[in-house]
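Chemist: The following file, final_25.cif, comprises mmCIF, N, CA and C atoms and all ligand atoms:
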```cif
data_structure
loop_
_atom_site.label_atom_id
_atom_site.label_comp_id
_atom_site.auth_asym_id
_atom_site.auth_seq_id
_atom_site.Cartn_x
_atom_site.Cartn_y
_atom_site.Cartn_z
N MET V 1 48.68 89.48 124.51
CA MET V 1 48.51 89.82 123.10
C MET V 1 48.29 88.55 122.27
N LYS V 2 47.54 88.71 121.18
CA LYS V 2 47.26 87.59 120.27
C LYS V 2 47.74 87.95 118.87
N LEU V 3 48.12 86.94 118.11
CA LEU V 3 48.40 87.14 116.69
C LEU V 3 47.27 86.49 115.91
N MET V 4 46.59 87.30 115.10
CA MET V 4 45.55 86.77 114.21
C MET V 4 46.14 86.59 112.82
N VAL V 5 45.96 85.41 112.27
CA VAL V 5 46.32 85.13 110.88
C VAL V 5 45.00 84.87 110.16
N VAL V 6 44.67 85.76 109.25
CA VAL V 6 43.34 85.70 108.62
C VAL V 6 43.52 85.56 107.11
N ILE V 7 43.01 84.47 106.55
CA ILE V 7 43.11 84.24 105.10
C ILE V 7 41.74 84.57 104.50
N VAL V 8 41.76 85.51 103.55
CA VAL V 8 40.50 85.98 102.95
C VAL V 8 40.62 86.00 101.44
N GLN V 9 39.48 86.13 100.80
CA GLN V 9 39.49 86.29 99.35
C GLN V 9 39.96 87.70 99.01
N ASP V 10 40.65 87.81 97.89
CA ASP V 10 41.16 89.12 97.47
C ASP V 10 40.03 90.16 97.41
N ALA V 11 38.85 89.73 97.00
CA ALA V 11 37.73 90.66 96.83
C ALA V 11 37.31 91.33 98.14
N ASP V 12 37.59 90.69 99.26
CA ASP V 12 37.20 91.24 100.56
C ASP V 12 38.33 91.98 101.26
N ALA V 13 39.55 91.85 100.73
CA ALA V 13 40.72 92.30 101.48
C ALA V 13 40.75 93.81 101.69
N ALA V 14 40.45 94.58 100.65
CA ALA V 14 40.59 96.03 100.76
C ALA V 14 39.64 96.61 101.82
N ALA V 15 38.39 96.17 101.79
CA ALA V 15 37.41 96.68 102.77
C ALA V 15 37.79 96.26 104.19
N LEU V 16 38.34 95.07 104.30
CA LEU V 16 38.74 94.56 105.61
C LEU V 16 39.90 95.37 106.19
N VAL V 17 40.91 95.61 105.37
CA VAL V 17 42.06 96.40 105.82
C VAL V 17 41.62 97.82 106.19
N LYS V 18 40.74 98.38 105.37
CA LYS V 18 40.25 99.74 105.64
C LYS V 18 39.55 99.80 107.00
N GLU V 19 38.72 98.82 107.26
CA GLU V 19 37.96 98.81 108.52
C GLU V 19 38.89 98.59 109.73
N PHE V 20 39.84 97.67 109.59
CA PHE V 20 40.81 97.47 110.68
C PHE V 20 41.53 98.79 110.97
N THR V 21 41.97 99.45 109.92
CA THR V 21 42.76 100.67 110.09
C THR V 21 41.92 101.77 110.73
N GLN V 22 40.66 101.88 110.28
CA GLN V 22 39.78 102.90 110.88
C GLN V 22 39.52 102.64 112.36
N LYS V 23 39.54 101.36 112.73
CA LYS V 23 39.35 101.00 114.15
C LYS V 23 40.68 101.00 114.90
N ARG V 24 41.72 101.53 114.27
CA ARG V 24 43.06 101.64 114.86
C ARG V 24 43.69 100.29 115.20
N LEU V 25 43.36 99.29 114.39
CA LEU V 25 44.02 97.98 114.52
C LEU V 25 45.09 97.91 113.44
N THR V 26 46.30 97.55 113.85
CA THR V 26 47.41 97.52 112.89
C THR V 26 47.42 96.19 112.16
N VAL V 27 47.59 96.26 110.84
CA VAL V 27 47.48 95.05 110.03
C VAL V 27 48.57 95.02 108.97
N THR V 28 49.06 93.81 108.68
CA THR V 28 50.00 93.61 107.58
C THR V 28 49.35 92.69 106.57
N LYS V 29 49.42 93.09 105.31
CA LYS V 29 48.73 92.35 104.23
C LYS V 29 49.77 91.61 103.38
N LEU V 30 49.56 90.32 103.21
CA LEU V 30 50.47 89.49 102.42
C LEU V 30 49.71 88.87 101.26
N ALA V 31 50.35 88.84 100.11
CA ALA V 31 49.76 88.10 98.98
C ALA V 31 50.05 86.62 99.20
N SER V 32 49.02 85.79 99.04
CA SER V 32 49.20 84.35 99.28
C SER V 32 48.44 83.57 98.21
N THR V 33 48.62 82.28 98.24
CA THR V 33 47.99 81.41 97.23
C THR V 33 47.42 80.19 97.93
N GLY V 34 46.17 79.89 97.66
CA GLY V 34 45.54 78.71 98.25
C GLY V 34 46.08 77.44 97.61
N GLY V 35 46.36 76.46 98.44
CA GLY V 35 46.95 75.22 97.94
C GLY V 35 45.99 74.40 97.10
N PHE V 36 44.70 74.48 97.37
CA PHE V 36 43.73 73.64 96.66
C PHE V 36 43.36 74.26 95.32
N LEU V 37 42.89 75.51 95.34
CA LEU V 37 42.49 76.16 94.08
C LEU V 37 43.68 76.70 93.31
N ARG V 38 44.79 76.90 94.02
CA ARG V 38 45.99 77.51 93.44
C ARG V 38 45.68 78.88 92.83
N GLU V 39 44.83 79.61 93.55
CA GLU V 39 44.50 80.98 93.16
C GLU V 39 44.97 81.93 94.25
N GLY V 40 45.16 83.18 93.86
CA GLY V 40 45.59 84.17 94.81
C GLY V 40 44.55 84.41 95.89
N ASN V 41 45.02 84.56 97.12
CA ASN V 41 44.16 85.06 98.18
C ASN V 41 45.02 86.00 99.03
N THR V 42 44.48 86.48 100.12
CA THR V 42 45.19 87.47 100.93
C THR V 42 45.29 86.96 102.35
N THR V 43 46.48 87.07 102.92
CA THR V 43 46.69 86.71 104.32
C THR V 43 46.99 87.98 105.10
N LEU V 44 46.24 88.20 106.16
CA LEU V 44 46.43 89.38 107.01
C LEU V 44 47.00 88.94 108.36
N LEU V 45 47.97 89.69 108.83
CA LEU V 45 48.55 89.47 110.16
C LEU V 45 48.18 90.65 111.04
N LEU V 46 47.65 90.36 112.22
CA LEU V 46 47.32 91.43 113.16
C LEU V 46 47.79 91.04 114.55
N GLY V 47 48.57 91.89 115.14
CA GLY V 47 48.86 91.74 116.56
C GLY V 47 47.83 92.56 117.33
N VAL V 48 47.01 91.87 118.12
CA VAL V 48 45.91 92.57 118.81
C VAL V 48 45.95 92.30 120.30
N SER V 49 45.56 93.32 121.06
CA SER V 49 45.44 93.13 122.50
C SER V 49 44.21 92.26 122.78
N GLU V 50 44.18 91.69 123.95
CA GLU V 50 43.03 90.84 124.32
C GLU V 50 41.74 91.65 124.25
N THR V 51 41.82 92.93 124.59
CA THR V 51 40.60 93.75 124.60
C THR V 51 40.10 94.05 123.18
N ASP V 52 41.00 94.04 122.20
CA ASP V 52 40.58 94.32 120.82
C ASP V 52 40.20 93.06 120.04
N LEU V 53 40.42 91.91 120.64
CA LEU V 53 40.24 90.66 119.89
C LEU V 53 38.82 90.48 119.36
N GLU V 54 37.83 90.71 120.20
CA GLU V 54 36.44 90.51 119.76
C GLU V 54 36.06 91.50 118.66
N THR V 55 36.57 92.73 118.78
CA THR V 55 36.32 93.73 117.73
C THR V 55 36.89 93.25 116.40
N ALA V 56 38.12 92.75 116.44
CA ALA V 56 38.77 92.28 115.22
C ALA V 56 38.00 91.11 114.61
N LYS V 57 37.56 90.18 115.43
CA LYS V 57 36.80 89.02 114.92
C LYS V 57 35.47 89.47 114.31
N GLN V 58 34.84 90.45 114.95
CA GLN V 58 33.56 90.94 114.44
C GLN V 58 33.73 91.61 113.07
N ILE V 59 34.82 92.34 112.92
CA ILE V 59 35.09 92.99 111.62
C ILE V 59 35.25 91.93 110.52
N VAL V 60 35.97 90.87 110.84
CA VAL V 60 36.14 89.79 109.85
C VAL V 60 34.77 89.21 109.49
N GLN V 61 33.95 88.97 110.49
CA GLN V 61 32.63 88.40 110.22
C GLN V 61 31.76 89.33 109.39
N ASP V 62 31.89 90.62 109.63
CA ASP V 62 31.05 91.59 108.91
C ASP V 62 31.51 91.81 107.47
N LYS V 63 32.80 91.73 107.21
CA LYS V 63 33.35 92.15 105.92
C LYS V 63 33.63 91.02 104.93
N CYS V 64 33.62 89.79 105.41
CA CYS V 64 33.97 88.68 104.52
C CYS V 64 32.76 87.83 104.22
N ARG V 65 32.61 87.49 102.95
CA ARG V 65 31.47 86.63 102.64
C ARG V 65 31.93 85.41 101.84
N SER V 66 31.15 84.35 101.99
CA SER V 66 31.46 83.11 101.29
C SER V 66 31.05 83.23 99.83
N ARG V 67 31.85 82.67 98.95
CA ARG V 67 31.52 82.62 97.54
C ARG V 67 31.80 81.20 97.04
N THR V 68 31.33 80.91 95.85
CA THR V 68 31.64 79.60 95.30
C THR V 68 32.48 79.75 94.04
N ARG V 69 33.37 78.80 93.84
CA ARG V 69 34.17 78.74 92.63
C ARG V 69 33.85 77.42 91.95
N PHE V 70 33.96 77.42 90.65
CA PHE V 70 33.76 76.17 89.91
C PHE V 70 35.11 75.71 89.38
N ILE V 71 35.44 74.47 89.67
CA ILE V 71 36.68 73.91 89.12
C ILE V 71 36.33 72.67 88.32
N THR V 72 37.12 72.45 87.29
CA THR V 72 36.98 71.23 86.51
C THR V 72 38.09 70.29 86.94
N PRO V 73 37.71 69.15 87.46
CA PRO V 73 38.75 68.22 87.92
C PRO V 73 39.76 67.97 86.81
N GLY V 74 41.04 68.02 87.16
CA GLY V 74 42.09 67.92 86.14
C GLY V 74 42.45 66.51 85.75
N VAL V 75 41.45 65.74 85.40
CA VAL V 75 41.69 64.37 84.95
C VAL V 75 41.75 64.36 83.42
N PRO V 76 42.82 63.82 82.84
CA PRO V 76 42.88 63.78 81.37
C PRO V 76 41.65 63.10 80.79
N VAL V 77 41.13 63.69 79.70
CA VAL V 77 39.88 63.20 79.10
C VAL V 77 39.97 61.71 78.80
N ALA V 78 41.11 61.28 78.29
CA ALA V 78 41.25 59.87 77.91
C ALA V 78 41.12 58.93 79.09
N GLU V 79 41.37 59.44 80.30
CA GLU V 79 41.31 58.57 81.48
C GLU V 79 39.96 58.62 82.19
N GLN V 80 39.04 59.46 81.67
CA GLN V 80 37.76 59.57 82.35
C GLN V 80 36.82 58.47 81.86
N PRO V 81 36.34 57.65 82.79
CA PRO V 81 35.47 56.55 82.38
C PRO V 81 34.13 57.03 81.85
N GLU V 82 33.63 58.15 82.37
CA GLU V 82 32.34 58.68 81.94
C GLU V 82 32.50 60.17 81.65
N PRO V 83 31.89 60.65 80.57
CA PRO V 83 32.05 62.08 80.23
C PRO V 83 31.59 63.02 81.33
N PHE V 84 30.53 62.64 82.07
CA PHE V 84 29.98 63.57 83.07
C PHE V 84 30.95 63.86 84.21
N LEU V 85 31.95 63.02 84.37
CA LEU V 85 32.92 63.25 85.45
C LEU V 85 33.74 64.52 85.23
N ALA V 86 33.77 65.03 83.99
CA ALA V 86 34.54 66.23 83.71
C ALA V 86 33.74 67.50 83.97
N GLN V 87 32.50 67.35 84.43
CA GLN V 87 31.68 68.53 84.69
C GLN V 87 32.30 69.37 85.81
N PRO V 88 32.17 70.71 85.72
CA PRO V 88 32.70 71.55 86.79
C PRO V 88 32.09 71.21 88.14
N VAL V 89 32.91 71.31 89.16
CA VAL V 89 32.48 71.02 90.53
C VAL V 89 32.48 72.33 91.31
N GLU V 90 31.41 72.55 92.08
CA GLU V 90 31.28 73.78 92.87
C GLU V 90 32.07 73.65 94.17
N VAL V 91 32.92 74.61 94.45
CA VAL V 91 33.73 74.59 95.67
C VAL V 91 33.42 75.86 96.49
N PRO V 92 32.97 75.71 97.73
CA PRO V 92 32.76 76.91 98.56
C PRO V 92 34.10 77.46 99.04
N VAL V 93 34.22 78.78 99.06
CA VAL V 93 35.46 79.42 99.53
C VAL V 93 35.11 80.50 100.54
N GLY V 94 35.77 80.45 101.69
CA GLY V 94 35.61 81.49 102.71
C GLY V 94 34.21 81.53 103.28
N GLY V 95 33.82 82.69 103.76
CA GLY V 95 34.32 84.01 103.95
C GLY V 95 35.74 84.18 104.42
N ALA V 96 36.16 83.60 105.52
CA ALA V 96 37.50 83.82 106.00
C ALA V 96 37.91 82.60 106.82
N VAL V 97 39.21 82.36 106.82
CA VAL V 97 39.77 81.31 107.67
C VAL V 97 40.74 82.01 108.62
N ALA V 98 40.52 81.88 109.91
CA ALA V 98 41.33 82.65 110.87
C ALA V 98 41.95 81.73 111.92
N PHE V 99 43.18 82.03 112.23
CA PHE V 99 43.91 81.35 113.31
C PHE V 99 44.27 82.41 114.35
N ILE V 100 44.10 82.09 115.61
CA ILE V 100 44.44 83.04 116.68
C ILE V 100 45.46 82.37 117.58
N LEU V 101 46.63 83.00 117.68
CA LEU V 101 47.75 82.41 118.42
C LEU V 101 48.14 83.32 119.59
N ASN V 102 48.61 82.69 120.65
CA ASN V 102 49.17 83.47 121.76
C ASN V 102 50.53 84.01 121.36
N VAL V 103 50.80 85.26 121.71
CA VAL V 103 52.10 85.88 121.42
C VAL V 103 52.94 85.85 122.69
N GLU V 104 54.10 85.19 122.62
CA GLU V 104 54.96 85.11 123.80
C GLU V 104 55.64 86.43 124.09
N GLU V 105 56.04 87.12 123.03
CA GLU V 105 56.79 88.37 123.21
C GLU V 105 56.57 89.25 122.01
N PHE V 106 56.57 90.54 122.24
CA PHE V 106 56.39 91.52 121.16
C PHE V 106 57.27 92.72 121.46
N PHE V 107 58.06 93.11 120.48
CA PHE V 107 58.80 94.37 120.69
C PHE V 107 58.99 95.07 119.35
N LYS V 108 59.19 96.36 119.44
CA LYS V 108 59.47 97.18 118.25
C LYS V 108 60.76 97.93 118.50
N VAL V 109 61.49 98.23 117.46
CA VAL V 109 62.69 99.07 117.64
C VAL V 109 62.54 100.29 116.76
P1 LIG V 201 42.42 76.87 98.97
O1 LIG V 201 43.39 75.88 99.53
O2 LIG V 201 42.61 77.28 97.54
O3 LIG V 201 40.95 76.25 99.18
C1 LIG V 201 39.80 76.88 98.64
C2 LIG V 201 38.55 76.13 99.07
O4 LIG V 201 38.58 74.82 98.50
C3 LIG V 201 38.43 75.93 100.57
O5 LIG V 201 37.79 77.06 101.14
C4 LIG V 201 37.62 74.65 100.68
O6 LIG V 201 36.22 74.92 100.57
C5 LIG V 201 38.03 73.89 99.43
N1 LIG V 201 39.08 72.91 99.72
C6 LIG V 201 40.32 73.14 100.19
N2 LIG V 201 41.03 72.01 100.28
C7 LIG V 201 40.23 71.03 99.83
C8 LIG V 201 40.39 69.63 99.63
N3 LIG V 201 41.53 69.00 99.95
N4 LIG V 201 39.34 68.92 99.13
C9 LIG V 201 38.18 69.54 98.81
N5 LIG V 201 37.96 70.86 98.95
C10 LIG V 201 38.97 71.60 99.46
P2 LIG V 201 38.21 77.55 102.60
O7 LIG V 201 38.19 76.39 103.56
O8 LIG V 201 37.33 78.72 102.93
O9 LIG V 201 39.71 78.02 102.49
C11 LIG V 201 40.09 79.20 101.81
C12 LIG V 201 41.60 79.32 101.80
O10 LIG V 201 42.06 79.45 103.15
C13 LIG V 201 42.33 78.11 101.25
O11 LIG V 201 42.44 78.21 99.84
C14 LIG V 201 43.69 78.21 101.93
O12 LIG V 201 44.51 79.19 101.30
C15 LIG V 201 43.31 78.74 103.31
N6 LIG V 201 43.11 77.68 104.30
C16 LIG V 201 41.94 77.07 104.60
N7 LIG V 201 42.10 76.18 105.60
C17 LIG V 201 43.41 76.24 105.92
C18 LIG V 201 44.21 75.56 106.89
N8 LIG V 201 43.69 74.60 107.71
N9 LIG V 201 45.53 75.84 106.95
C19 LIG V 201 46.07 76.77 106.13
N10 LIG V 201 45.37 77.46 105.21
C20 LIG V 201 44.06 77.19 105.11
#
```
Please re-express this file's structure in structure tokens.
Ligand code: 2BA
Modeler:
Amino acid sequence: MKLMVVIVQDADAAALVKEFTQKRLTVTKLASTGGFLREGNTTLLLGVSETDLETAKQIVQDKCRSRTRFITPGVPVAEQPEPFLAQPVEVPVGGAVAFILNVEEFFKV
């Protein structure tokens, strides 16, 4: 068995969970926050059998898309040597960031 930890944008989370569930993959959805943008995102946990792993990865690839966010570097105006340095910077986000871990043991009560 594998544990998939999948970090996605909130905008993609509902469709992703729906598709996992329809394919009979069990998923837990956690609210999370990205350390860089400090914006909400969604972390999904899935315990999947080896045989379902490729299906799960394909669903992530199909349902998540990359988007861009614009951030304005948080440098105080007085400390900026040139005005143009305060211009918004484009940051790509996602589609998804996934970690796949081996599960040593799994049980339910
Ligand atoms: P955030 O940390 O808010 O990062 C959002 C996006 O900002 C990232 O997109 C990346 O394009 C950019 N970014 C992140 N850290 C950066 C930095 N130090 N300098 C410049 N740009 C930076 P993604 O790579 O698609 O990541 C989306 C979210 O997935 C991240 O949100 C974070 O919550 C999570 N994540 C990504 N890589 C991770 C990792 N290695 N470990 C744990 N969580 C990760």
Chemist: Would you list the residues that come within 8 Å of ligand LIG 201 (chain V)? Count only N, CA and C atoms and all ligand atoms and give the answer as a ChimeraX atom specification.
Modeler: /V:6-9,32-42,66-67,69,90-98
Chemist: Convert the current residue selection to file output with N, CA and C atoms, as a PDB file, in the frame of the given file.
Modeler:
```pdb
ATOM      1  N   VAL V   6      44.670  85.760 109.250  1.00  0.00           N
ATOM      2  CA  VAL V   6      43.340  85.700 108.620  1.00  0.00           C
ATOM      3  C   VAL V   6      43.520  85.560 107.110  1.00  0.00           C
ATOM      4  N   ILE V   7      43.010  84.470 106.550  1.00  0.00           N
ATOM      5  CA  ILE V   7      43.110  84.240 105.100  1.00  0.00           C
ATOM      6  C   ILE V   7      41.740  84.570 104.500  1.00  0.00           C
ATOM      7  N   VAL V   8      41.760  85.510 103.550  1.00  0.00           N
ATOM      8  CA  VAL V   8      40.500  85.980 102.950  1.00  0.00           C
ATOM      9  C   VAL V   8      40.620  86.000 101.440  1.00  0.00           C
ATOM     10  N   GLN V   9      39.480  86.130 100.800  1.00  0.00           N
ATOM     11  CA  GLN V   9      39.490  86.290  99.350  1.00  0.00           C
ATOM     12  C   GLN V   9      39.960  87.700  99.010  1.00  0.00           C
ATOM     13  N   SER V  32      49.020  85.790  99.040  1.00  0.00           N
ATOM     14  CA  SER V  32      49.200  84.350  99.280  1.00  0.00           C
ATOM     15  C   SER V  32      48.440  83.570  98.210  1.00  0.00           C
ATOM     16  N   THR V  33      48.620  82.280  98.240  1.00  0.00           N
ATOM     17  CA  THR V  33      47.990  81.410  97.230  1.00  0.00           C
ATOM     18  C   THR V  33      47.420  80.190  97.930  1.00  0.00           C
ATOM     19  N   GLY V  34      46.170  79.890  97.660  1.00  0.00           N
ATOM     20  CA  GLY V  34      45.540  78.710  98.250  1.00  0.00           C
ATOM     21  C   GLY V  34      46.080  77.440  97.610  1.00  0.00           C
ATOM     22  N   GLY V  35      46.360  76.460  98.440  1.00  0.00           N
ATOM     23  CA  GLY V  35      46.950  75.220  97.940  1.00  0.00           C
ATOM     24  C   GLY V  35      45.990  74.400  97.100  1.00  0.00           C
ATOM     25  N   PHE V  36      44.700  74.480  97.370  1.00  0.00           N
ATOM     26  CA  PHE V  36      43.730  73.640  96.660  1.00  0.00           C
ATOM     27  C   PHE V  36      43.360  74.260  95.320  1.00  0.00           C
ATOM     28  N   LEU V  37      42.890  75.510  95.340  1.00  0.00           N
ATOM     29  CA  LEU V  37      42.490  76.160  94.080  1.00  0.00           C
ATOM     30  C   LEU V  37      43.680  76.700  93.310  1.00  0.00           C
ATOM     31  N   ARG V  38      44.790  76.900  94.020  1.00  0.00           N
ATOM     32  CA  ARG V  38      45.990  77.510  93.440  1.00  0.00           C
ATOM     33  C   ARG V  38      45.680  78.880  92.830  1.00  0.00           C
ATOM     34  N   GLU V  39      44.830  79.610  93.550  1.00  0.00           N
ATOM     35  CA  GLU V  39      44.500  80.980  93.160  1.00  0.00           C
ATOM     36  C   GLU V  39      44.970  81.930  94.250  1.00  0.00           C
ATOM     37  N   GLY V  40      45.160  83.180  93.860  1.00  0.00           N
ATOM     38  CA  GLY V  40      45.590  84.170  94.810  1.00  0.00           C
ATOM     39  C   GLY V  40      44.550  84.410  95.890  1.00  0.00           C
ATOM     40  N   ASN V  41      45.020  84.560  97.120  1.00  0.00           N
ATOM     41  CA  ASN V  41      44.160  85.060  98.180  1.00  0.00           C
ATOM     42  C   ASN V  41      45.020  86.000  99.030  1.00  0.00           C
ATOM     43  N   THR V  42      44.480  86.480 100.120  1.00  0.00           N
ATOM     44  CA  THR V  42      45.190  87.470 100.930  1.00  0.00           C
ATOM     45  C   THR V  42      45.290  86.960 102.350  1.00  0.00           C
ATOM     46  N   SER V  66      31.150  84.350 101.990  1.00  0.00           N
ATOM     47  CA  SER V  66      31.460  83.110 101.290  1.00  0.00           C
ATOM     48  C   SER V  66      31.050  83.230  99.830  1.00  0.00           C
ATOM     49  N   ARG V  67      31.850  82.670  98.950  1.00  0.00           N
ATOM     50  CA  ARG V  67      31.520  82.620  97.540  1.00  0.00           C
ATOM     51  C   ARG V  67      31.800  81.200  97.040  1.00  0.00           C
ATOM     52  N   ARG V  69      33.370  78.800  93.840  1.00  0.00           N
ATOM     53  CA  ARG V  69      34.170  78.740  92.630  1.00  0.00           C
ATOM     54  C   ARG V  69      33.850  77.420  91.950  1.00  0.00           C
ATOM     55  N   GLU V  90      31.410  72.550  92.080  1.00  0.00           N
ATOM     56  CA  GLU V  90      31.280  73.780  92.870  1.00  0.00           C
ATOM     57  C   GLU V  90      32.070  73.650  94.170  1.00  0.00           C
ATOM     58  N   VAL V  91      32.920  74.610  94.450  1.00  0.00           N
ATOM     59  CA  VAL V  91      33.730  74.590  95.670  1.00  0.00           C
ATOM     60  C   VAL V  91      33.420  75.860  96.490  1.00  0.00           C
ATOM     61  N   PRO V  92      32.970  75.710  97.730  1.00  0.00           N
ATOM     62  CA  PRO V  92      32.760  76.910  98.560  1.00  0.00           C
ATOM     63  C   PRO V  92      34.100  77.460  99.040  1.00  0.00           C
ATOM     64  N   VAL V  93      34.220  78.780  99.060  1.00  0.00           N
ATOM     65  CA  VAL V  93      35.460  79.420  99.530  1.00  0.00           C
ATOM     66  C   VAL V  93      35.110  80.500 100.540  1.00  0.00           C
ATOM     67  N   GLY V  94      35.770  80.450 101.690  1.00  0.00           N
ATOM     68  CA  GLY V  94      35.610  81.490 102.710  1.00  0.00           C
ATOM     69  C   GLY V  94      34.210  81.530 103.280  1.00  0.00           C
ATOM     70  N   GLY V  95      33.820  82.690 103.760  1.00  0.00           N
ATOM     71  CA  GLY V  95      34.320  84.010 103.950  1.00  0.00           C
ATOM     72  C   GLY V  95      35.740  84.180 104.420  1.00  0.00           C
ATOM     73  N   ALA V  96      36.160  83.600 105.520  1.00  0.00           N
ATOM     74  CA  ALA V  96      37.500  83.820 106.000  1.00  0.00           C
ATOM     75  C   ALA V  96      37.910  82.600 106.820  1.00  0.00           C
ATOM     76  N   VAL V  97      39.210  82.360 106.820  1.00  0.00           N
ATOM     77  CA  VAL V  97      39.770  81.310 107.670  1.00  0.00           C
ATOM     78  C   VAL V  97      40.740  82.010 108.620  1.00  0.00           C
ATOM     79  N   ALA V  98      40.520  81.880 109.910  1.00  0.00           N
ATOM     80  CA  ALA V  98      41.330  82.650 110.870  1.00  0.00           C
ATOM     81  C   ALA V  98      41.950  81.730 111.920  1.00  0.00           C
TER      82      ALA V  98
END
```
Chemist: Go ahead and compute the interatomic distance for atom C of V:Ala15 and atom N of V:Thr55, in Å to one decimal.
Modeler: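 So the answer is 15.1 Å.
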Chemist: Please identify all polymer residues within 10 Å of V:Thr28, counting only C-alpha atoms, omitting same-chain residues fewer than 2 positions from it, and present them as a ChimeraX atom specification.
Modeler: /V:5,17,26,30,43-47
Chemist: Only N, CA and C atoms, please: the residues just picked out, written as a PDB file, in the coordinates of the input.
Modeler:
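Resulting contents of out25.pdb:
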```pdb
ATOM      1  N   VAL V   5      45.960  85.410 112.270  1.00  0.00           N
ATOM      2  CA  VAL V   5      46.320  85.130 110.880  1.00  0.00           C
ATOM      3  C   VAL V   5      45.000  84.870 110.160  1.00  0.00           C
ATOM      4  N   VAL V  17      40.910  95.610 105.370  1.00  0.00           N
ATOM      5  CA  VAL V  17      42.060  96.400 105.820  1.00  0.00           C
ATOM      6  C   VAL V  17      41.620  97.820 106.190  1.00  0.00           C
ATOM      7  N   THR V  26      46.300  97.550 113.850  1.00  0.00           N
ATOM      8  CA  THR V  26      47.410  97.520 112.890  1.00  0.00           C
ATOM      9  C   THR V  26      47.420  96.190 112.160  1.00  0.00           C
ATOM     10  N   LEU V  30      49.560  90.320 103.210  1.00  0.00           N
ATOM     11  CA  LEU V  30      50.470  89.490 102.420  1.00  0.00           C
ATOM     12  C   LEU V  30      49.710  88.870 101.260  1.00  0.00           C
ATOM     13  N   THR V  43      46.480  87.070 102.920  1.00  0.00           N
ATOM     14  CA  THR V  43      46.690  86.710 104.320  1.00  0.00           C
ATOM     15  C   THR V  43      46.990  87.980 105.100  1.00  0.00           C
ATOM     16  N   LEU V  44      46.240  88.200 106.160  1.00  0.00           N
ATOM     17  CA  LEU V  44      46.430  89.380 107.010  1.00  0.00           C
ATOM     18  C   LEU V  44      47.000  88.940 108.360  1.00  0.00           C
ATOM     19  N   LEU V  45      47.970  89.690 108.830  1.00  0.00           N
ATOM     20  CA  LEU V  45      48.550  89.470 110.160  1.00  0.00           C
ATOM     21  C   LEU V  45      48.180  90.650 111.040  1.00  0.00           C
ATOM     22  N   LEU V  46      47.650  90.360 112.220  1.00  0.00           N
ATOM     23  CA  LEU V  46      47.320  91.430 113.160  1.00  0.00           C
ATOM     24  C   LEU V  46      47.790  91.040 114.550  1.00  0.00           C
ATOM     25  N   GLY V  47      48.570  91.890 115.140  1.00  0.00           N
ATOM     26  CA  GLY V  47      48.860  91.740 116.560  1.00  0.00           C
ATOM     27  C   GLY V  47      47.830  92.560 117.330  1.00  0.00           C
TER      28      GLY V  47
END
```
Chemist: Mind giving me the straight-line distance from atom N of V:Leu3 to atom CA of V:Phe107 in Å, one decimal?
Modeler: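 Computing the Euclidean distance for atom N of V:Leu3 and atom CA of V:Phe107 yields 13.3 Å.
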Chemist: Residues at most 9 Å from V:Ala56, counting only C-alpha atoms, excluding those fewer than 2 positions away in the same chain, as a VMD selection string?
Modeler: chain V and resid 4 20 23 25 46 48 52 to 54 58 to 61
Chemist: Give me a file of those residues, with N, CA and C atoms, as a JSON list (two decimals), in the coordinates of the input.
Modeler:
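The result, written out as selection.json:
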```json
[["chain", "number", "residue", "atom", "x", "y", "z"],
["V", 4, "MET", "N", 46.59, 87.30, 115.10],
["V", 4, "MET", "CA", 45.55, 86.77, 114.21],
["V", 4, "MET", "C", 46.14, 86.59, 112.82],
["V", 20, "PHE", "N", 39.84, 97.67, 109.59],
["V", 20, "PHE", "CA", 40.81, 97.47, 110.68],
["V", 20, "PHE", "C", 41.53, 98.79, 110.97],
["V", 23, "LYS", "N", 39.54, 101.36, 112.73],
["V", 23, "LYS", "CA", 39.35, 101.00, 114.15],
["V", 23, "LYS", "C", 40.68, 101.00, 114.90],
["V", 25, "LEU", "N", 43.36, 99.29, 114.39],
["V", 25, "LEU", "CA", 44.02, 97.98, 114.52],
["V", 25, "LEU", "C", 45.09, 97.91, 113.44],
["V", 46, "LEU", "N", 47.65, 90.36, 112.22],
["V", 46, "LEU", "CA", 47.32, 91.43, 113.16],
["V", 46, "LEU", "C", 47.79, 91.04, 114.55],
["V", 48, "VAL", "N", 47.01, 91.87, 118.12],
["V", 48, "VAL", "CA", 45.91, 92.57, 118.81],
["V", 48, "VAL", "C", 45.95, 92.30, 120.30],
["V", 52, "ASP", "N", 41.00, 94.04, 122.20],
["V", 52, "ASP", "CA", 40.58, 94.32, 120.82],
["V", 52, "ASP", "C", 40.20, 93.06, 120.04],
["V", 53, "LEU", "N", 40.42, 91.91, 120.64],
["V", 53, "LEU", "CA", 40.24, 90.66, 119.89],
["V", 53, "LEU", "C", 38.82, 90.48, 119.36],
["V", 54, "GLU", "N", 37.83, 90.71, 120.20],
["V", 54, "GLU", "CA", 36.44, 90.51, 119.76],
["V", 54, "GLU", "C", 36.06, 91.50, 118.66],
["V", 58, "GLN", "N", 34.84, 90.45, 114.95],
["V", 58, "GLN", "CA", 33.56, 90.94, 114.44],
["V", 58, "GLN", "C", 33.73, 91.61, 113.07],
["V", 59, "ILE", "N", 34.82, 92.34, 112.92],
["V", 59, "ILE", "CA", 35.09, 92.99, 111.62],
["V", 59, "ILE", "C", 35.25, 91.93, 110.52],
["V", 60, "VAL", "N", 35.97, 90.87, 110.84],
["V", 60, "VAL", "CA", 36.14, 89.79, 109.85],
["V", 60, "VAL", "C", 34.77, 89.21, 109.49],
["V", 61, "GLN", "N", 33.95, 88.97, 110.49],
["V", 61, "GLN", "CA", 32.63, 88.40, 110.22],
["V", 61, "GLN", "C", 31.76, 89.33, 109.39]]
```
Chemist: I'd like to know which residues of chain V are strand (DSSP E) (by DSSP, run on the backbone); could you write them as a PyMOL selection string?
Modeler: chain V and resi 2-8+28-33+40-48+67-71+89-93+96-102
Chemist: Which distance in Å separates atom N of V:Ala31 and atom C of V:Lys18, to one decimal?
Modeler: 16.9 Å
Chemist: Quick one: of V:Leu101, V:Val109, V:Leu16, V:Val89, who's nearest to V:Lys63, counting only N, CA and C atoms?
Modeler: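 Using only N, CA and C atoms, V:Lys63 sits closest to V:Leu16.
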